[in-house]
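S.K.: Sharing model.txt here; it has compact mmCIF, C-alpha atoms.
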# COMPACT_ATOMS: atom_id res chain seq x y z
CA MET W 138 -86.28 178.13 38.09
CA ALA W 139 -87.00 175.27 35.70
CA GLN W 140 -85.00 172.11 36.18
CA LEU W 141 -82.38 171.64 33.45
CA ASP W 142 -81.89 168.33 31.73
CA VAL W 143 -78.43 166.89 31.05
CA ARG W 144 -78.30 168.18 27.48
CA GLN W 145 -79.09 171.73 28.60
CA LYS W 146 -76.45 171.49 31.31
CA LEU W 147 -73.95 170.23 28.75
CA GLU W 148 -74.66 173.16 26.46
CA ILE W 149 -74.04 175.66 29.27
CA LEU W 150 -71.05 173.99 30.93
CA ALA W 151 -69.25 173.06 27.72
CA ASP W 152 -69.50 176.65 26.53
CA ALA W 153 -68.25 177.90 29.91
CA ALA W 154 -65.21 175.60 29.69
CA LYS W 155 -63.96 177.06 26.40
CA TYR W 156 -61.99 179.78 28.19
CA ASP W 157 -59.58 177.26 29.69
CA ALA W 158 -56.82 176.51 27.18
CA SER W 159 -54.82 174.01 29.24
CA CYS W 160 -56.35 170.79 27.99
CA ALA W 161 -53.56 169.14 25.97
CA SER W 162 -53.18 165.40 26.42
CA SER W 163 -49.51 164.92 25.62
CA GLY W 164 -47.53 162.70 27.94
CA SER W 165 -50.37 160.38 28.89
CA VAL W 166 -49.78 156.76 29.76
CA LYS W 167 -50.99 154.46 26.97
CA ARG W 168 -54.06 152.50 28.03
CA THR W 169 -55.61 149.75 25.93
CA SER W 170 -58.96 148.08 26.38
CA ARG W 171 -59.02 144.42 27.30
CA ASP W 172 -60.42 143.34 23.97
CA GLY W 173 -57.53 145.04 22.18
CA LYS W 174 -59.69 147.57 20.34
CA GLY W 175 -58.93 151.27 20.66
CA LEU W 176 -61.29 154.19 20.35
CA GLY W 177 -60.68 157.08 17.98
CA SER W 178 -62.25 160.49 17.53
CA THR W 179 -65.01 161.78 15.28
CA ASP W 180 -66.24 165.22 14.34
CA ALA W 181 -66.19 167.57 17.31
CA GLY W 182 -69.56 168.11 18.90
CA MET W 183 -70.89 169.94 21.93
CA GLY W 184 -68.24 169.88 24.65
CA ILE W 185 -65.61 168.13 22.53
CA CYS W 186 -62.22 169.72 21.98
CA HIS W 187 -59.18 168.49 20.10
CA ALA W 188 -55.72 168.31 21.61
CA TYR W 189 -52.53 167.12 19.94
CA ALA W 190 -49.91 164.75 21.27
CA PRO W 191 -46.20 165.27 20.41
CA ASP W 192 -46.37 162.61 17.70
CA GLY W 193 -49.15 164.52 15.94
CA ARG W 194 -52.05 162.34 17.04
CA CYS W 195 -55.30 164.25 17.43
CA ILE W 196 -56.98 163.34 20.70
CA SER W 197 -60.60 164.29 21.38
CA LEU W 198 -61.61 165.27 24.91
CA LEU W 199 -64.94 165.97 26.54
CA LYS W 200 -64.20 169.43 27.97
CA ILE W 201 -66.68 170.63 30.54
CA LEU W 202 -67.10 172.33 33.90
CA LEU W 203 -68.65 170.54 36.83
CA THR W 204 -70.43 173.86 37.46
CA ASN W 205 -70.15 177.45 36.31
CA SER W 206 -71.33 178.74 39.69
CA CYS W 207 -68.54 180.19 41.80
CA ILE W 208 -68.08 181.87 45.17
CA PHE W 209 -65.20 183.99 43.79
CA ASP W 210 -65.64 187.24 41.88
CA CYS W 211 -62.56 187.41 39.63
CA HIS W 212 -63.00 190.37 37.26
CA TYR W 213 -61.81 188.54 34.13
CA CYS W 214 -63.97 185.44 34.58
CA ILE W 215 -67.34 185.13 32.86
CA ASN W 216 -68.41 182.71 35.61
CA ARG W 217 -67.61 185.08 38.47
CA LYS W 218 -70.12 185.41 41.29
CA SER W 219 -71.51 188.75 40.06
CA SER W 220 -71.80 187.71 36.41
CA ASN W 221 -75.27 187.59 34.90
CA VAL W 222 -74.94 184.21 33.18
CA ARG W 223 -77.16 181.18 33.14
CA ARG W 224 -75.95 178.76 35.79
CA ALA W 225 -75.86 174.98 35.73
CA ARG W 226 -74.31 172.16 37.70
CA PHE W 227 -73.59 168.52 36.96
CA THR W 228 -73.59 165.83 39.58
CA ALA W 229 -70.52 163.62 39.65
CA LYS W 230 -72.62 160.74 38.31
CA GLU W 231 -73.86 162.81 35.38
CA VAL W 232 -70.28 163.62 34.33
CA VAL W 233 -69.33 159.95 34.61
CA ASP W 234 -72.33 158.85 32.55
CA LEU W 235 -71.67 161.51 29.87
CA THR W 236 -68.01 160.55 29.61
CA LEU W 237 -68.80 156.87 29.24
CA ALA W 238 -71.55 157.50 26.70
CA PHE W 239 -69.32 159.72 24.55
CA TYR W 240 -66.41 157.29 24.87
CA LYS W 241 -68.45 154.25 23.88
CA ARG W 242 -69.72 156.10 20.81
CA ASN W 243 -66.13 156.82 19.80
CA TYR W 244 -66.64 160.58 20.12
CA ILE W 245 -63.84 161.11 22.65
CA GLU W 246 -60.73 159.54 24.09
CA GLY W 247 -60.78 161.30 27.42
CA LEU W 248 -62.12 163.94 29.80
CA PHE W 249 -61.01 167.44 30.76
CA LEU W 250 -62.87 168.51 33.88
CA SER W 251 -62.71 171.88 35.60
CA SER W 252 -65.13 173.72 37.84
CA GLY W 253 -66.15 176.91 39.52
CA ILE W 254 -65.88 176.76 43.30
CA ILE W 255 -69.15 175.76 44.97
CA GLY W 256 -69.63 175.73 48.72
CA THR W 257 -65.99 175.30 49.69
CA SER W 258 -62.74 174.45 47.92
CA ASN W 259 -62.66 171.07 49.64
CA TYR W 260 -66.20 170.16 48.58
CA THR W 261 -65.49 171.13 44.97
CA MET W 262 -62.23 169.18 44.88
CA GLU W 263 -63.98 166.18 46.43
CA GLN W 264 -66.60 166.19 43.67
CA ILE W 265 -63.96 166.50 40.92
CA GLY W 266 -61.99 163.64 42.43
CA GLU W 267 -65.11 161.50 42.72
CA VAL W 268 -65.68 161.73 38.97
CA ALA W 269 -62.19 160.37 38.27
CA ARG W 270 -62.43 157.72 40.99
CA SER W 271 -65.75 156.42 39.70
CA LEU W 272 -64.54 156.30 36.10
CA ARG W 273 -61.41 154.34 37.01
CA GLU W 274 -62.66 152.07 39.80
CA ASP W 275 -66.35 151.57 39.07
CA HIS W 276 -66.17 151.47 35.27
CA ASP W 277 -62.54 150.51 34.53
CA PHE W 278 -62.24 153.59 32.28
CA ARG W 279 -58.89 153.63 30.49
CA GLY W 280 -59.17 156.89 28.63
CA TYR W 281 -57.29 160.08 29.37
CA ILE W 282 -58.35 162.21 32.37
CA HIS W 283 -57.18 165.77 32.98
CA LEU W 284 -58.44 167.42 36.19
CA LYS W 285 -58.25 171.08 37.14
CA THR W 286 -57.46 171.17 40.84
CA ILE W 287 -58.44 173.74 43.45
CA PRO W 288 -55.42 175.46 45.07
CA ASP W 289 -57.06 175.93 48.48
CA ALA W 290 -58.26 172.34 48.74
CA ASP W 291 -56.84 169.87 51.24
CA PRO W 292 -53.67 168.32 49.73
CA GLU W 293 -55.02 164.84 50.49
CA LEU W 294 -58.02 165.48 48.23
CA VAL W 295 -55.67 166.58 45.44
CA ARG W 296 -53.53 163.49 46.03
CA GLN W 297 -56.56 161.22 45.76
CA ALA W 298 -57.57 162.92 42.50
CA GLY W 299 -54.06 162.54 41.10
CA LEU W 300 -54.12 158.79 41.68
CA HIS W 301 -56.86 158.54 39.05
CA ALA W 302 -55.91 161.39 36.68
CA ASP W 303 -53.33 161.45 33.92
CA ARG W 304 -52.65 165.16 34.34
CA LEU W 305 -53.44 167.82 36.93
CA SER W 306 -53.39 171.54 36.37
CA ILE W 307 -53.63 174.63 38.56
CA ASN W 308 -54.05 178.00 36.89
CA VAL W 309 -51.77 180.79 38.09
CA GLU W 310 -54.17 183.06 36.13
CA LEU W 311 -51.99 186.19 35.84
CA PRO W 312 -48.23 186.64 35.51
CA THR W 313 -47.72 189.27 38.22
CA ALA W 314 -48.72 189.47 41.87
CA GLY W 315 -50.06 192.98 41.29
CA GLY W 316 -52.29 191.84 38.45
CA LEU W 317 -53.67 188.95 40.50
CA LYS W 318 -54.38 191.19 43.49
CA ARG W 319 -56.17 193.74 41.30
CA LEU W 320 -58.25 191.36 39.17
CA ALA W 321 -58.68 188.34 41.46
CA PRO W 322 -58.33 189.68 45.04
CA GLU W 323 -59.77 186.50 46.56
CA LYS W 324 -56.98 184.39 45.07
CA ASP W 325 -53.52 184.14 46.58
CA GLY W 326 -50.51 183.61 44.31
CA ALA W 327 -48.47 182.13 47.15
CA ARG W 328 -51.15 179.52 47.87
CA ILE W 329 -51.41 178.65 44.19
CA GLU W 330 -47.66 178.09 43.93
CA SER W 331 -47.64 176.16 47.21
CA ALA W 332 -50.23 173.78 45.76
CA MET W 333 -48.12 173.40 42.61
CA GLY W 334 -45.12 172.59 44.78
CA GLU W 335 -47.04 169.90 46.67
CA THR W 336 -48.21 168.36 43.40
CA LYS W 337 -44.64 168.32 42.07
CA ALA W 338 -43.36 166.66 45.25
CA THR W 339 -46.03 163.95 45.05
CA ILE W 340 -45.28 163.30 41.38
CA VAL W 341 -41.58 162.90 42.18
CA ASP W 342 -42.21 160.69 45.22
CA THR W 343 -44.54 158.31 43.40
CA ALA W 344 -42.23 158.12 40.38
CA ASP W 345 -39.36 157.15 42.70
CA ALA W 346 -41.55 154.58 44.42
CA ARG W 347 -42.44 152.97 41.10
CA LYS W 348 -38.76 152.55 40.29
CA LYS W 349 -38.49 150.30 43.34
CA TYR W 350 -41.96 148.76 43.43
CA ARG W 351 -43.88 148.22 40.20
CA SER W 352 -47.08 147.88 42.22
CA ALA W 353 -46.77 151.43 43.56
CA PRO W 354 -49.66 153.63 42.38
CA ARG W 355 -49.24 156.19 39.63
CA PHE W 356 -49.86 159.85 40.37
CA ALA W 357 -50.57 162.23 37.48
CA PRO W 358 -48.11 160.42 35.16
CA ALA W 359 -48.56 163.14 32.49
CA GLY W 360 -47.46 165.78 35.00
CA GLN W 361 -49.01 169.16 35.72
CA SER W 362 -49.65 172.29 33.68
CA THR W 363 -50.94 175.81 34.17
CA GLN W 364 -52.45 178.74 32.28
CA MET W 365 -51.87 182.49 32.19
CA ILE W 366 -54.28 185.09 30.85
CA VAL W 367 -52.67 187.48 28.37
CA GLY W 368 -53.77 191.08 28.02
CA ALA W 369 -56.13 191.42 30.99
CA ASP W 370 -53.57 193.41 32.98
CA ALA W 371 -50.52 195.55 32.28
CA ALA W 372 -48.01 192.68 32.27
CA THR W 373 -45.57 192.81 29.36
CA ASP W 374 -44.46 189.86 27.26
CA GLY W 375 -41.18 190.03 29.16
CA ASP W 376 -43.07 189.62 32.44
CA ILE W 377 -45.00 186.65 31.06
CA VAL W 378 -41.93 184.89 29.66
CA THR W 379 -40.03 185.40 32.93
CA LYS W 380 -42.94 184.04 34.97
CA ALA W 381 -43.32 181.02 32.70
CA ALA W 382 -39.60 180.23 32.95
CA THR W 383 -39.79 180.43 36.74
CA LEU W 384 -42.75 178.05 36.82
CA TYR W 385 -41.03 175.55 34.53
CA ASP W 386 -37.91 175.66 36.69
CA ARG W 387 -39.55 175.47 40.12
CA PHE W 388 -42.37 173.03 39.43
CA THR W 389 -41.16 170.99 36.43
CA LEU W 390 -44.34 171.81 34.53
CA LYS W 391 -45.16 169.98 31.32
CA ARG W 392 -46.76 173.04 29.76
CA VAL W 393 -47.61 176.65 30.40
CA TYR W 394 -50.61 177.73 28.32
CA TYR W 395 -51.40 181.28 27.27
CA SER W 396 -54.94 182.49 26.77
CA ALA W 397 -55.60 185.88 25.20
CA PHE W 398 -58.09 187.83 27.29
CA SER W 399 -61.48 188.02 25.65
CA PRO W 400 -63.98 190.74 26.63
CA ILE W 401 -66.96 189.27 28.44
CA PRO W 402 -70.57 190.43 28.89
CA ASP W 403 -71.14 192.88 31.75
CA ALA W 404 -67.38 193.29 32.06
CA SER W 405 -65.81 194.99 35.05
CA ALA W 406 -64.65 198.57 34.54
CA VAL W 407 -61.08 197.57 35.45
CA LEU W 408 -60.75 195.34 32.38
CA PRO W 409 -59.54 196.50 28.96
CA LEU W 410 -62.25 197.19 26.42
CA GLN W 411 -60.58 195.24 23.63
CA ARG W 412 -58.86 191.88 23.51
CA PRO W 413 -55.12 191.80 22.74
CA PRO W 414 -54.05 190.71 19.25
CA LEU W 415 -54.26 186.94 18.90
CA MET W 416 -50.79 187.15 17.34
CA ARG W 417 -49.49 188.16 20.77
CA GLU W 418 -50.67 184.85 22.21
CA HIS W 419 -49.06 183.08 19.26
CA ARG W 420 -45.72 184.81 19.79
CA LEU W 421 -45.73 183.80 23.45
CA TYR W 422 -46.25 180.17 22.46
CA GLN W 423 -43.30 180.46 20.06
CA SER W 424 -41.20 181.99 22.85
CA ASP W 425 -42.22 179.09 25.07
CA TRP W 426 -40.93 176.67 22.44
CA LEU W 427 -37.64 178.55 22.23
CA MET W 428 -37.07 177.88 25.92
CA ARG W 429 -38.33 174.30 25.89
CA PHE W 430 -36.87 172.97 22.63
CA TYR W 431 -34.31 175.44 21.27
CA GLY W 432 -32.05 176.03 24.27
CA PHE W 433 -32.82 179.73 24.70
CA ALA W 434 -32.42 181.13 28.20
CA PRO W 435 -35.37 183.22 29.44
CA ARG W 436 -33.23 186.38 29.42
CA GLU W 437 -32.44 185.78 25.73
CA VAL W 438 -36.12 185.49 24.84
CA VAL W 439 -36.84 188.65 26.82
CA ALA W 440 -34.00 190.34 24.96
CA ALA W 441 -35.89 189.78 21.71
CA ALA W 442 -38.65 192.08 22.99
CA ASP W 443 -38.72 195.82 22.44
CA ASP W 444 -36.50 197.53 25.02
CA ALA W 445 -39.02 200.32 25.64
CA THR W 446 -42.26 198.34 25.86
CA GLY W 447 -41.16 194.85 26.84
CA MET W 448 -43.37 193.45 24.07
CA LEU W 449 -42.36 190.90 21.46
CA PRO W 450 -42.77 192.09 17.86
CA LEU W 451 -45.97 190.93 16.22
CA ASP W 452 -44.73 191.03 12.62
CA ILE W 453 -41.88 188.53 13.06
CA ASP W 454 -41.35 185.45 15.22
CA PRO W 455 -39.18 185.82 18.37
CA LYS W 456 -36.30 183.72 17.04
CA LEU W 457 -35.94 185.97 14.00
CA ALA W 458 -36.29 189.02 16.26
CA TRP W 459 -33.43 187.73 18.41
CA ALA W 460 -31.25 186.99 15.40
CA LEU W 461 -31.79 190.48 13.95
CA LYS W 462 -31.03 192.08 17.30
CA PHE W 463 -27.85 190.05 17.85
CA ARG W 464 -26.48 189.86 14.33
CA ALA W 465 -22.94 189.72 15.67
CA SER W 466 -23.59 186.04 16.48
CA PHE W 467 -23.99 185.31 12.75
CA PRO W 468 -23.33 184.03 10.15
CA ILE W 469 -22.60 180.51 11.33
CA ASP W 470 -21.14 177.68 9.26
CA ILE W 471 -23.79 175.01 8.67
CA ASN W 472 -21.06 172.42 8.22
CA ARG W 473 -19.20 173.19 11.44
CA ALA W 474 -21.44 174.96 13.96
CA PRO W 475 -22.56 173.08 17.09
CA ARG W 476 -26.16 172.03 17.51
CA GLU W 477 -27.00 174.82 19.96
CA MET W 478 -26.02 177.47 17.39
CA LEU W 479 -27.81 175.75 14.52
CA LEU W 480 -31.01 175.89 16.59
CA ARG W 481 -30.69 179.68 16.69
CA VAL W 482 -30.80 180.10 12.93
CA PRO W 483 -34.15 181.58 11.84
CA GLY W 484 -36.06 179.07 9.74
CA LEU W 485 -34.30 175.98 11.11
CA GLY W 486 -36.44 173.72 13.27
CA VAL W 487 -35.33 170.85 15.47
CA LYS W 488 -35.97 168.21 12.79
CA ALA W 489 -34.00 170.16 10.20
CA VAL W 490 -31.07 170.62 12.60
CA ASN W 491 -31.01 166.92 13.40
CA ALA W 492 -31.01 166.15 9.66
CA ILE W 493 -28.13 168.58 9.07
CA LEU W 494 -26.07 167.02 11.86
CA GLY W 495 -26.62 163.58 10.38
CA ALA W 496 -25.93 164.54 6.76
CA ARG W 497 -22.78 166.57 7.36
CA ARG W 498 -21.03 163.54 8.81
CA TRP W 499 -20.74 162.26 5.23
CA ARG W 500 -20.39 165.37 3.10
CA ARG W 501 -20.32 169.14 3.13
CA LEU W 502 -23.73 170.73 2.66
CA SER W 503 -24.65 173.35 0.08
CA LEU W 504 -27.36 176.02 0.31
CA ALA W 505 -29.61 173.84 -1.84
CA ASP W 506 -29.13 170.93 0.56
CA VAL W 507 -30.23 173.10 3.48
CA GLY W 508 -33.10 174.52 1.42
CA ARG W 509 -34.56 171.06 0.97
CA LEU W 510 -34.94 170.77 4.74
CA THR W 511 -36.98 173.92 5.26
CA VAL W 512 -39.53 176.18 3.61
CA SER W 513 -37.75 179.31 4.89
CA VAL W 514 -34.44 179.36 3.02
CA ALA W 515 -34.83 183.09 2.26
CA LYS W 516 -35.17 183.76 5.98
CA MET W 517 -31.98 181.90 6.89
CA ARG W 518 -29.66 182.97 4.05
CA PRO W 519 -28.25 186.06 5.84
CA PHE W 520 -27.42 183.97 8.91
CA ILE W 521 -25.57 180.95 7.49
CA VAL W 522 -22.48 179.91 5.58
CA THR W 523 -22.55 176.76 3.44
CA ASN W 524 -20.17 175.05 1.07
CA ASP W 525 -21.26 177.36 -1.77
CA TRP W 526 -22.78 180.36 0.03
CA ARG W 527 -21.49 183.21 2.13
CA PRO W 528 -23.75 186.23 2.86
CA VAL W 529 -21.05 188.85 2.26
CA ALA W 530 -23.47 191.50 0.98
CA LEU W 531 -26.30 190.74 3.39
CA THR W 532 -24.99 190.43 6.92
CA ASP W 533 -24.51 194.13 7.66
CA ARG W 534 -27.36 195.59 5.63
CA ALA W 535 -29.57 198.04 7.51
CA ASP W 536 -32.62 196.93 5.53
CA LEU W 537 -32.16 193.24 6.29
CA LYS W 538 -35.51 192.80 8.07
CA PRO W 539 -37.74 193.41 5.02
CA MET W 540 -35.65 190.88 3.10
CA VAL W 541 -36.26 188.03 5.52
CA VAL W 542 -39.85 188.73 6.65
CA PRO W 543 -42.49 187.02 4.49
CA LYS W 544 -44.41 189.48 2.34
CA ARG W 545 -47.70 188.07 3.50
CA GLU W 546 -48.18 187.83 7.24
CA GLN W 547 -48.77 184.23 8.22
CA LEU W 548 -48.80 182.05 11.32
CA GLU W 549 -45.64 179.96 11.46
CA LEU W 550 -45.11 177.47 14.26
CA PHE W 551 -41.58 176.21 14.78
CA ALA W 552 -41.19 172.58 13.67
CA ALA W 553 -40.51 170.40 16.68
Spell out the structure here as structure tokens.
M.R.:
Amino acid sequence: MAQLDVRQKLEILADAAKYDASCASSGSVKRTSRDGKGLGSTDAGMGICHAYAPDGRCISLLKILLTNSCIFDCHYCINRKSSNVRRARFTAKEVVDLTLAFYKRNYIEGLFLSSGIIGTSNYTMEQIGEVARSLREDHDFRGYIHLKTIPDADPELVRQAGLHADRLSINVELPTAGGLKRLAPEKDGARIESAMGETKATIVDTADARKKYRSAPRFAPAGQSTQMIVGADAATDGDIVTKAATLYDRFTLKRVYYSAFSPIPDASAVLPLQRPPLMREHRLYQSDWLMRFYGFAPREVVAAADDATGMLPLDIDPKLAWALKFRASFPIDINRAPREMLLRVPGLGVKAVNAILGARRWRRLSLADVGRLTVSVAKMRPFIVTNDWRPVALTDRADLKPMVVPKREQLELFAA
């Protein structure tokens, strides 16, 4: 086989990395270069992805695999052992050199590095950790580093990697134990969660140490995240939401990412022939936000799903679905309701609720006042009472849904 040059490897391994969605850079520690000049991002090129911080900043990352060779044969993975794909492998030095070259040219602000498993889990984790160590110690690299860790690797190797990374992530892959056993029989859900627990404990311990000793080392200061594949198995949206809530609670995750299954070449016969609707992935992200920012309990989000199928509706967002299903909780008085109830009004985001709470300290709000804070006043009218509005003729209407759903289907993310 002909020897591949670095550019050819980059083409293969950047393309192979696109299936991993968990590459956000929010929560990173701010690092500045010694000369006081920061580096921005340019147009995305080969291997460059864009992630967004909570303040809206767009952060460019070099997103690649160390290798797309793997000893595992997970049915849903295009890089599985039995897959007929072109293989490539970077050395640790090649990844370091690529990262530095892209960074110096202002193409990127950080690195997202994952890998197939080569040789053993420990060897793979050692190589991933060496990339981060070399960047930090040999080259004083101050950009963002996100490493995908190997669940079966020695915890000490993961700890060493976390001392140089901003964020670590371990993919749980599938939401149910049955799905994981069927589609990834070589992976063990208990071992994956055990590794997540060890990472959490180390994050907590090092954070406590830094409260006492400022010289104590940092360990994954941006926390850990994970990813679940949607639509590769029979798991319902209710199963996925419940699993995500459990992971947030047990391991204090920063994010759970959802990746809609995409059919792959030479697919296994046990996989579905078609990918799930992308809107399903979108609704799961909205449900995730309900739990993280809107005070919804997991059981309440699950309650918004169809009782028979366990699936969230695709034509409306989950907060509106919940409000329509539990209309007895409405209408609420905009001028008197507590914050937790205002956050349940369809069309009201966190920023709008905060603005309402601030404004109503000085005067009573009208429907027009509320309308200026949102683009979805038609959606919220049946669910609120204002100084000049009461939905007497709307609250109990059987045909309420068509009145509040936009005529043209569109993607609407909740404002955070």
S.K.: At a cut-off of 7 Å, using all atoms listed in the file, what residues contact W:Ile254? Leave out same-chain residues fewer than 2 positions from it and give the result as a list in words.
M.R.: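 Near W:Ile254, the qualifying residues are Ser206, Cys207, Ile208, Ser252, Gly256, Thr257, Ser258 and Thr261 of chain W.
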S.K.: Report, in Å to a single decimal, how far apart atom CA of W:Leu300 and atom CA of W:Ala238 are.
M.R.: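 One can read the atom CA of W:Ala238 to atom CA of W:Leu300 distance as 23.0 Å.
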S.K.: Atom CA of W:Ile185 and atom CA of W:Ala154 are how many Å apart?
M.R.: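 Answer for the atom CA of W:Ile185 to atom CA of W:Ala154 separation: 10.4 Å.
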S.K.: Report as a PyMOL selection string all protein, DNA and RNA residues lying within 9 Å of stretch 308-312 of chain W, evaluated on all atoms listed in the file, omitting residues in the same chain fewer than 5 positions from it.
M.R.: chain W and resi 159+285-288+317+320-321+326+329-330+362-367+369-370+372+376-381
S.K.: Could you state the separation of atom CA of W:Ala225 and atom CA of W:Asn259 in Å, given to one decimal place?
M.R.: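 Spanning atom CA of W:Ala225 to atom CA of W:Asn259 is a straight-line distance of 19.6 Å.
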S.K.: For each of W:Ala357, W:Ile215, W:Ile245, W:Leu141, take the minimum atom-to-atom distance to W:Leu284, counting all atoms listed in the file, then give the residue where this is smallest.
M.R.: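 Looking at the shortest contact to W:Leu284, the residue is W:Ala357.
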